[in-house]
>>> print(open('entry_18.cif').read())   # mmCIF, C-alpha atoms
data_coords
#
loop_
_atom_site.label_atom_id
_atom_site.label_comp_id
_atom_site.auth_asym_id
_atom_site.auth_seq_id
_atom_site.Cartn_x
_atom_site.Cartn_y
_atom_site.Cartn_z
CA MET A 932 3.32 15.23 29.06
CA ASN A 933 6.63 13.77 28.09
CA ALA A 934 7.16 13.76 24.36
CA VAL A 935 9.84 11.34 23.24
CA LYS A 936 11.45 12.10 19.91
CA LYS A 937 12.02 9.06 17.77
CA SER A 938 14.81 9.09 15.26
CA LYS A 939 13.88 7.96 11.79
CA SER A 940 15.54 4.70 10.89
CA ALA A 941 15.66 3.01 7.49
CA LYS A 942 12.94 0.58 8.59
CA ASP A 943 10.49 3.36 9.48
CA ASP A 944 11.15 5.48 6.38
CA PRO A 945 8.49 4.85 3.69
CA ASN A 946 11.02 6.00 1.08
CA SER A 947 13.41 3.15 1.99
CA ARG A 948 11.96 -0.25 1.22
CA VAL A 949 12.53 -3.32 -0.95
CA VAL A 950 10.11 -3.36 -3.86
CA CYS A 951 11.05 -6.52 -5.73
CA THR A 952 13.44 -9.44 -5.25
CA ASN A 953 14.65 -11.99 -7.75
CA ARG A 954 14.24 -15.16 -5.68
CA LYS A 955 15.05 -17.39 -8.62
CA ALA A 956 18.52 -15.83 -9.00
CA ARG A 957 19.89 -17.31 -5.77
CA HIS A 958 18.70 -20.76 -6.89
CA GLU A 959 19.97 -20.54 -10.47
CA PHE A 960 23.30 -18.79 -9.77
CA ASP A 961 26.16 -18.64 -7.27
CA VAL A 962 26.42 -14.98 -6.25
CA ILE A 963 30.10 -14.00 -6.08
CA ASP A 964 29.80 -10.26 -5.43
CA GLU A 965 27.05 -7.65 -5.03
CA LEU A 966 26.82 -3.95 -5.87
CA ASP A 967 24.07 -1.34 -5.45
CA CYS A 968 23.63 1.06 -8.35
CA GLY A 969 21.16 3.72 -9.42
CA LEU A 970 18.75 3.51 -12.31
CA VAL A 971 17.79 6.11 -14.94
CA LEU A 972 13.97 6.17 -15.13
CA HIS A 973 11.04 8.24 -16.41
CA GLY A 974 8.52 9.65 -13.92
CA SER A 975 5.81 7.16 -14.86
CA GLU A 976 8.26 4.29 -14.25
CA VAL A 977 9.02 5.50 -10.72
CA LYS A 978 5.31 5.77 -9.90
CA SER A 979 4.72 2.29 -11.27
CA ILE A 980 7.61 0.90 -9.18
CA ARG A 981 6.13 2.56 -6.07
CA ASN A 982 2.99 0.50 -6.78
CA ASN A 983 5.11 -2.71 -6.94
CA LYS A 984 4.47 -3.16 -10.67
CA ILE A 985 7.94 -4.41 -11.61
CA SER A 986 9.38 -7.80 -12.50
CA ILE A 987 13.12 -8.57 -12.72
CA GLU A 988 12.84 -12.37 -13.01
CA GLU A 989 14.07 -12.54 -16.62
CA SER A 990 16.36 -9.52 -16.65
CA TYR A 991 20.12 -9.16 -16.76
CA ALA A 992 22.72 -6.41 -17.12
CA ARG A 993 25.15 -5.92 -19.98
CA VAL A 994 28.13 -3.60 -20.60
CA ASP A 995 27.91 -1.55 -23.81
CA ASP A 996 30.36 1.28 -24.64
CA ASN A 997 31.55 1.62 -21.01
CA GLU A 998 27.96 1.90 -19.78
CA VAL A 999 25.95 -0.75 -17.98
CA TRP A 1000 22.38 -1.39 -19.14
CA LEU A 1001 19.54 -3.30 -17.47
CA ILE A 1002 17.82 -5.41 -20.11
CA GLY A 1003 14.53 -7.27 -19.83
CA ALA A 1004 13.13 -5.64 -16.68
CA ASP A 1005 9.36 -5.32 -16.99
CA ILE A 1006 7.88 -2.15 -15.46
CA ALA A 1007 4.12 -1.97 -16.02
CA GLU A 1008 2.62 1.15 -17.54
CA TYR A 1009 1.24 3.69 -15.10
CA PRO A 1010 -2.47 4.12 -15.96
CA GLN A 1011 -2.69 7.83 -15.01
CA ALA A 1012 0.28 8.79 -17.24
CA THR A 1013 -1.81 8.40 -20.44
CA MET A 1014 0.22 9.65 -23.42
CA PHE A 1015 3.37 10.29 -21.33
CA ASN A 1016 3.76 6.61 -20.48
CA HIS A 1017 6.93 4.57 -20.96
CA GLU A 1018 7.82 1.40 -22.85
CA ARG A 1019 7.51 -1.66 -20.62
CA ARG A 1020 10.69 -3.54 -21.53
CA ARG A 1021 13.09 -0.85 -22.70
CA LYS A 1022 16.80 -0.84 -21.89
CA ARG A 1023 17.51 1.18 -18.75
CA LYS A 1024 20.87 2.69 -17.91
CA LEU A 1025 22.47 1.76 -14.59
CA LEU A 1026 24.44 4.44 -12.76
CA MET A 1027 27.89 3.25 -11.74
CA ASN A 1028 31.29 4.88 -11.34
CA ARG A 1029 33.85 4.17 -14.06
CA ARG A 1030 36.01 2.32 -11.58
CA GLU A 1031 33.02 0.13 -10.58
CA ILE A 1032 32.23 -0.57 -14.23
CA ARG A 1033 35.83 -1.51 -14.90
CA LYS A 1034 36.16 -3.73 -11.84
CA PHE A 1035 32.72 -5.27 -11.60
CA ALA A 1036 31.18 -5.40 -15.07
CA GLU A 1037 34.25 -6.14 -17.14
CA THR A 1038 35.14 -9.02 -14.81
CA ALA A 1039 31.82 -10.53 -15.80
CA GLU A 1040 32.67 -10.38 -19.50
CA HIS A 1041 36.17 -11.84 -19.17
CA ASP A 1042 35.41 -14.68 -16.77
CA GLY A 1043 32.12 -15.72 -18.37
CA LEU A 1044 30.06 -14.50 -15.43
CA THR A 1045 26.62 -12.87 -15.57
CA LEU A 1046 25.31 -9.63 -14.07
CA VAL A 1047 21.94 -10.46 -12.53
CA PRO A 1048 19.64 -8.00 -10.71
CA LEU A 1049 18.92 -9.43 -7.26
CA SER A 1050 16.53 -6.78 -5.93
CA VAL A 1051 15.02 -3.36 -6.59
CA PHE A 1052 14.58 -1.01 -3.65
CA PHE A 1053 14.11 2.61 -2.63
CA THR A 1054 16.77 4.49 -0.65
CA ASN A 1055 16.05 8.10 0.30
CA GLY A 1056 13.44 8.25 -2.46
CA TYR A 1057 15.79 6.98 -5.20
CA VAL A 1058 15.28 3.68 -7.02
CA LYS A 1059 18.30 1.39 -6.70
CA VAL A 1060 19.14 -2.03 -8.11
CA ARG A 1061 21.31 -4.58 -6.33
CA LEU A 1062 23.36 -6.32 -9.04
CA GLY A 1063 25.03 -9.64 -8.44
CA LEU A 1064 28.11 -10.95 -10.20
CA CYS A 1065 26.99 -14.54 -10.70
CA ARG A 1066 28.17 -17.88 -12.02
CA GLY A 1067 25.52 -20.26 -13.35
CA ARG A 1068 24.81 -23.50 -11.50
CA LYS A 1069 24.43 -26.90 -13.08
CA THR A 1070 21.41 -29.05 -12.25
CA HIS A 1071 23.39 -31.41 -9.99
CA ASP A 1072 24.74 -28.39 -8.06
CA LYS A 1073 21.19 -27.17 -7.43
CA ARG A 1074 20.12 -30.59 -6.13
CA GLU A 1075 23.19 -30.83 -3.91
CA ARG A 1076 22.54 -27.39 -2.42
CA MET A 1077 18.89 -28.22 -1.74
CA LYS A 1078 19.98 -31.45 -0.01
CA GLU A 1079 22.47 -29.53 2.17
CA GLN A 1080 19.79 -27.03 3.16
CA ALA A 1081 17.38 -29.83 4.07
CA ASP A 1082 20.08 -31.52 6.21
CA ARG A 1083 20.82 -28.23 7.98
CA ARG A 1084 17.13 -27.70 8.65
CA GLU A 1085 16.76 -31.24 10.08
CA MET A 1086 19.77 -30.78 12.39
CA ARG A 1087 18.43 -27.42 13.59
CA ASP A 1088 15.01 -28.94 14.29
CA ALA A 1089 16.57 -31.92 16.12
CA ARG A 1090 18.44 -29.59 18.48
CA ARG A 1091 15.26 -27.83 19.53
CA PRO A 1092 13.52 -29.27 22.64
#
>>> encode(input="entry_18.cif", output="structure tokens")
Amino acid sequence: MNAVKKSKSAKDDPNSRVVCTNRKARHEFDVIDELDCGLVLHGSEVKSIRNNKISIEESYARVDDNEVWLIGADIAEYPQATMFNHERRRKRKLLMNRREIRKFAETAEHDGLTLVPLSVFFTNGYVKVRLGLCRGRKTHDKRERMKEQADRREMRDARRP
């Protein structure tokens, strides 16, 4: 029997997967830049995230005393944790280098941009957040973008036999 060894790729690894995406963010904001950063969590929060019990729809990041904090993320309580459970909507510290904080987060404060979490995912067993440096869209911009997407879709469908 010939045994073929398969190398583990990121797609096959159960510890590397996207848990939650903020689909509304790409509609509401223009994403200028993206950055992946770690997240400081309690054990019950990690177990709850593994069960897909997280929502980042209404959350944002803010710089406070040269630290970046994720505010408004809702991680459901883990039922088996009983008295060692966590608060659902507490502030959570994001792990970034000082140079990243200076470049990425302070740019947001000076230029009137917003730090929006775009997705939460696992990489090598660690929970990571993809932050986007975003500029808010006006209503007419949203309509214009939707019209452009519809036109692109129609042209693509017309080319198909």
>>> residues_around(input="entry_18.cif", residues="A:Glu998", least_positions_apart="4", cutoff="8 Å", atoms="only C-alpha atoms", output="MDAnalysis selection string")
chainID A and resid 994 1024:1025 1032
>>> write_last_selection(input="entry_18.cif", atoms="C-alpha atoms", output="PDB file, in the coordinates of the input")
ATOM      1  CA  VAL A 994      28.130  -3.600 -20.600  1.00  0.00           C
ATOM      2  CA  LYS A1024      20.870   2.690 -17.910  1.00  0.00           C
ATOM      3  CA  LEU A1025      22.470   1.760 -14.590  1.00  0.00           C
ATOM      4  CA  ILE A1032      32.230  -0.570 -14.230  1.00  0.00           C
TER       5      ILE A1032
END
>>> closest_residue(input="entry_18.cif", among="A:Ser990, A:Asn1028, A:Asn997, A:Thr1013", to="A:Thr1045", atoms="all atoms listed in the file")
A:Ser990
>>> resolve_selection(input="entry_18.cif", expression="the PyMOL selection byres ((chain A and resi 986) around 9)", output="list in words")
Cys951, Thr952, Asn953, Asn983, Lys984, Ile985, Ile987, Glu988, Glu989, Ser990, Gly1003, Ala1004, Asp1005, Ile1006 and Ala1007 of chain A
>>> closest_residue(input="entry_18.cif", among="A:Val999, A:Leu972, A:Val1060, A:Ala1039", to="A:Glu1018", atoms="all atoms listed in the file")
A:Leu972
>>> atom_distance(input="entry_18.cif", atom1="atom CA of A:Ala956", atom2="atom CA of A:Gln1080")
16.6 Å
>>> resolve_selection(input="entry_18.cif", expression="the PyMOL selection byres ((chain A and resi 965) around 12)", output="list in words")
Asp961, Val962, Ile963, Asp964, Leu966, Asp967, Cys968, Glu1031, Phe1035, Ala1036, Thr1045, Leu1046, Val1047, Pro1048, Leu1049, Ser1050, Val1060, Arg1061, Leu1062, Gly1063, Leu1064 and Cys1065 of chain A
>>> closest_residue(input="entry_18.cif", among="A:Lys1078, A:Lys1059, A:His1071, A:His973", to="A:Leu1026", atoms="all atoms listed in the file")
A:Lys1059
>>> atom_distance(input="entry_18.cif", atom1="atom CA of A:Arg1033", atom2="atom CA of A:Leu1001")
16.6 Å
>>> closest_residue(input="entry_18.cif", among="A:Tyr991, A:Leu1044, A:Arg954, A:Val1058", to="A:Val971", atoms="all atoms listed in the file")
A:Val1058
>>> closest_residue(input="entry_18.cif", among="A:Gly969, A:Val950, A:Phe960, A:Ala1012", to="A:Asn982", atoms="all atoms listed in the file")
A:Val950
>>> atom_distance(input="entry_18.cif", atom1="atom CA of A:Asp1082", atom2="atom CA of A:Thr1070")
18.7 Å
>>> closest_residue(input="entry_18.cif", among="A:Glu1037, A:Glu959, A:Asp996, A:Glu976", to="A:Tyr1009", atoms="all atoms listed in the file")
A:Glu976
>>> residues_around(input="entry_18.cif", residues="A:Gln1011", least_positions_apart="3", cutoff="9 Å", atoms="only C-alpha atoms", output="mmCIF file with C-alpha atoms, in the frame of the given file")
data_model
loop_
_atom_site.group_PDB
_atom_site.id
_atom_site.type_symbol
_atom_site.label_atom_id
_atom_site.label_comp_id
_atom_site.auth_asym_id
_atom_site.auth_seq_id
_atom_site.Cartn_x
_atom_site.Cartn_y
_atom_site.Cartn_z
ATOM 1 C CA SER A 975 5.810 7.160 -14.860
ATOM 2 C CA GLU A 1008 2.620 1.150 -17.540
ATOM 3 C CA ASN A 1016 3.760 6.610 -20.480
#
>>> residues_around(input="entry_18.cif", residues="A:Thr1054", least_positions_apart="2", cutoff="6 Å", atoms="all atoms listed in the file", output="number ranges by chain")
A: 947, 1056-1057
